[in-house]
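S.K.: Let me give you the structure first, and then I'll get to my questions.
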Amino acid sequence: MRVVVIRHHEEDSAGFIGAAFEAHGAEISVRLFPKDGPLPGLDGIDHVVVLGAICSVYDDSPAHAWIANELDWLRRADEAGVPVLGICFGAQALAAAFGGRVDAAAGKEIGWTVIDSLDPGLIPPGPWLEFHGDRCHLPGQAVLLARNAMGAQAFSLGRHLGVQFHPEVDGAQLRLWLDAGGREEAERAGHDADRLLAETIAEEAASRDRAGRLVDAALRIAQAG
């Protein structure tokens, strides 16, 4: 199985999600987009993972013209029968690419959160790490799988799975985020960044297990779709 991971920042990694795909025998390649150039061709690709981004899907400024290209690429992946696991920005991109809408939420959602899973067999209730300020309005063909007060937290869309939370993150990756500006963002939202990091490190073993279950769900959804 060949899996392509699309990341948007150098400090990002597929983390626990990448490890879970590798446990299924996957060979993983990573593309930093747009810095590394165009998105890859889809021939021979069995699954795509799209990670988060600091920017918003609805940012149509010239500096973020690459977003429209990524949405087109997701539609081509769908046409080619390649399933996508979208994480945070990746989930929002899936929603937007297929007729949904993304907008700014009333506030930032940051920290470890238990969600309301409508199908715990696919999406465990968590806790999951949240670090975002936008929300998805799902396209009509999407199936809501989990939610909370902010909105959709997980959904399927044909063979694709989108999750608003971050199942991939361990303490080392969160530390990179905090050092890259996330500390100030978390503290502006009223969170203690050091406590958040300590909680993330304490959750690592359970997070690894939940990520494995989520990849199992993504593969089941891909096969059913």
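Chain lettering (A, B, ...) mirrors the order of the structure tokens, residue numbering begins at 1 for each chain separately, and ligand numbering begins at 1 in order of display.
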List the spatial neighbours of range 85-91 of chain A as a short mmCIF file (atom, residue, chain, number, x, y, z; two decimals) with C-alpha atoms, in the first residue's frame - criterion: any atom at most 9 Å away, only C-alpha atoms, same-chain residues fewer than 5 positions off excluded.

M.R.:
```
data_model
loop_
_atom_site.label_atom_id
_atom_site.label_comp_id
_atom_site.auth_asym_id
_atom_site.auth_seq_id
_atom_site.Cartn_x
_atom_site.Cartn_y
_atom_site.Cartn_z
CA ILE A 6 0.56 16.15 2.25
CA HIS A 47 -4.39 6.46 0.19
CA VAL A 48 -3.77 10.15 0.81
CA VAL A 49 -3.39 11.89 4.18
CA VAL A 50 -3.81 15.68 4.20
CA LEU A 51 -2.55 17.37 7.36
CA GLY A 52 -3.38 20.71 8.95
CA ALA A 53 -2.41 24.27 8.02
CA ILE A 54 -2.24 27.60 9.78
CA CYS A 55 -4.22 29.32 7.03
CA SER A 56 -7.93 28.90 6.35
CA VAL A 57 -9.45 27.03 3.41
CA ALA A 96 -14.99 22.65 0.69
CA GLU A 130 -7.94 20.21 19.07
CA PHE A 131 -6.02 23.19 17.69
CA HIS A 132 -8.12 25.22 15.26
CA ASP A 134 -12.49 27.28 11.80
CA CYS A 136 -16.91 22.80 8.62
CA GLN A 153 -15.71 16.71 14.36
CA ALA A 154 -15.67 13.75 11.97
CA PHE A 155 -17.45 12.82 8.77
CA HIS A 160 -13.00 9.70 2.36
CA LEU A 161 -12.78 10.48 6.08
CA GLY A 162 -12.36 13.93 7.59
CA VAL A 163 -11.57 14.67 11.23
CA GLN A 164 -11.38 18.12 12.79
CA PHE A 165 -9.05 17.04 15.61
CA HIS A 166 -5.37 16.02 15.48
CA PRO A 167 -4.88 12.26 16.01
CA GLU A 168 -1.30 12.40 14.74
CA VAL A 215 -6.70 4.45 10.51
CA ALA A 218 -10.37 5.14 7.37
#
```

S.K.: Sorted by chain and rising residue number, list the residues of range 70-189 of chain A at most 9 Å from range 9-28 of chain A (counting only C-alpha atoms), each with its closest atom pair and distance in Å to one decimal, as JSON lines.

M.R.:
```
{"residue": "A:Pro167", "atom": "CA", "partner": "A:Ile17", "partner_atom": "CA", "distance": 6.8}
{"residue": "A:Glu168", "atom": "CA", "partner": "A:Phe16", "partner_atom": "CA", "distance": 4.6}
{"residue": "A:Val169", "atom": "CA", "partner": "A:Gly15", "partner_atom": "CA", "distance": 6.0}
{"residue": "A:Asp170", "atom": "CA", "partner": "A:Gly15", "partner_atom": "CA", "distance": 7.1}
{"residue": "A:Gln173", "atom": "CA", "partner": "A:Asp12", "partner_atom": "CA", "distance": 7.0}
{"residue": "A:Leu176", "atom": "CA", "partner": "A:Glu11", "partner_atom": "CA", "distance": 6.0}
{"residue": "A:Trp177", "atom": "CA", "partner": "A:Glu11", "partner_atom": "CA", "distance": 6.8}
{"residue": "A:Ala180", "atom": "CA", "partner": "A:Glu11", "partner_atom": "CA", "distance": 8.0}
```

S.K.: Could you write those residues out with N, CA, C and O atoms, as an mmCIF file, in the first residue's frame?

M.R.:
```cif
data_model
loop_
_atom_site.group_PDB
_atom_site.id
_atom_site.type_symbol
_atom_site.label_atom_id
_atom_site.label_comp_id
_atom_site.auth_asym_id
_atom_site.auth_seq_id
_atom_site.Cartn_x
_atom_site.Cartn_y
_atom_site.Cartn_z
ATOM 1 N N PRO A 167 -5.254 13.568 15.455
ATOM 2 C CA PRO A 167 -4.880 12.262 16.014
ATOM 3 C C PRO A 167 -3.404 11.932 15.857
ATOM 4 O O PRO A 167 -2.927 10.950 16.429
ATOM 5 N N GLU A 168 -2.680 12.728 15.087
ATOM 6 C CA GLU A 168 -1.296 12.404 14.741
ATOM 7 C C GLU A 168 -0.271 12.908 15.740
ATOM 8 O O GLU A 168 0.898 12.493 15.709
ATOM 9 N N VAL A 169 -0.670 13.794 16.642
ATOM 10 C CA VAL A 169 0.294 14.607 17.382
ATOM 11 C C VAL A 169 0.786 13.943 18.666
ATOM 12 O O VAL A 169 -0.011 13.490 19.490
ATOM 13 N N ASP A 170 2.113 13.934 18.844
ATOM 14 C CA ASP A 170 2.729 13.552 20.116
ATOM 15 C C ASP A 170 3.337 14.794 20.755
ATOM 16 O O ASP A 170 3.225 15.911 20.217
ATOM 17 N N GLN A 173 5.867 16.788 18.528
ATOM 18 C CA GLN A 173 5.291 17.610 17.468
ATOM 19 C C GLN A 173 4.587 18.839 18.040
ATOM 20 O O GLN A 173 4.704 19.939 17.501
ATOM 21 N N LEU A 176 7.031 21.521 18.711
ATOM 22 C CA LEU A 176 7.399 22.251 17.497
ATOM 23 C C LEU A 176 6.343 23.295 17.152
ATOM 24 O O LEU A 176 6.674 24.422 16.759
ATOM 25 N N TRP A 177 5.064 22.915 17.268
ATOM 26 C CA TRP A 177 3.985 23.876 16.996
ATOM 27 C C TRP A 177 4.064 25.069 17.946
ATOM 28 O O TRP A 177 3.924 26.213 17.524
ATOM 29 N N ALA A 180 6.717 27.405 17.058
ATOM 30 C CA ALA A 180 6.503 28.074 15.766
ATOM 31 C C ALA A 180 5.383 29.113 15.826
ATOM 32 O O ALA A 180 4.957 29.606 14.779
#
```

S.K.: When you look at Leu138 in chain A with a cut-off of 9 Å (counting only C-alpha atoms), what residues show up, excluding the ones that are within fewer than 5 positions of it in the same chain? I need them as a ChimeraX atom specification.

M.R.: /A:92,95-96,98-102,143-144,152,155

S.K.: May I ask which of the residues A:Ser61, A:Ser156, A:Gln223, A:Thr200 is the closest one to Ile110 in chain A, counting only C-alpha atoms?

M.R.: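 Closest to Ile110 in chain A, using only C-alpha atoms: A:Thr200.
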
S.K.: DSSP says strand (DSSP E) for which residues of range 5-209 of chain A? Put them as a VMD selection string?

M.R.: chain A and resid 5 to 7 27 to 32 47 to 50 84 to 87 101 to 113 116 to 117 128 to 137 143 to 148 151 to 157 160 to 163

S.K.: At what distance in Å, to one decimal, does CA of Asp116 in chain A lie from CA of Tyr58 in chain A?

M.R.: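 Taking CA of Tyr58 in chain A and CA of Asp116 in chain A, their separation equals 26.4 Å.
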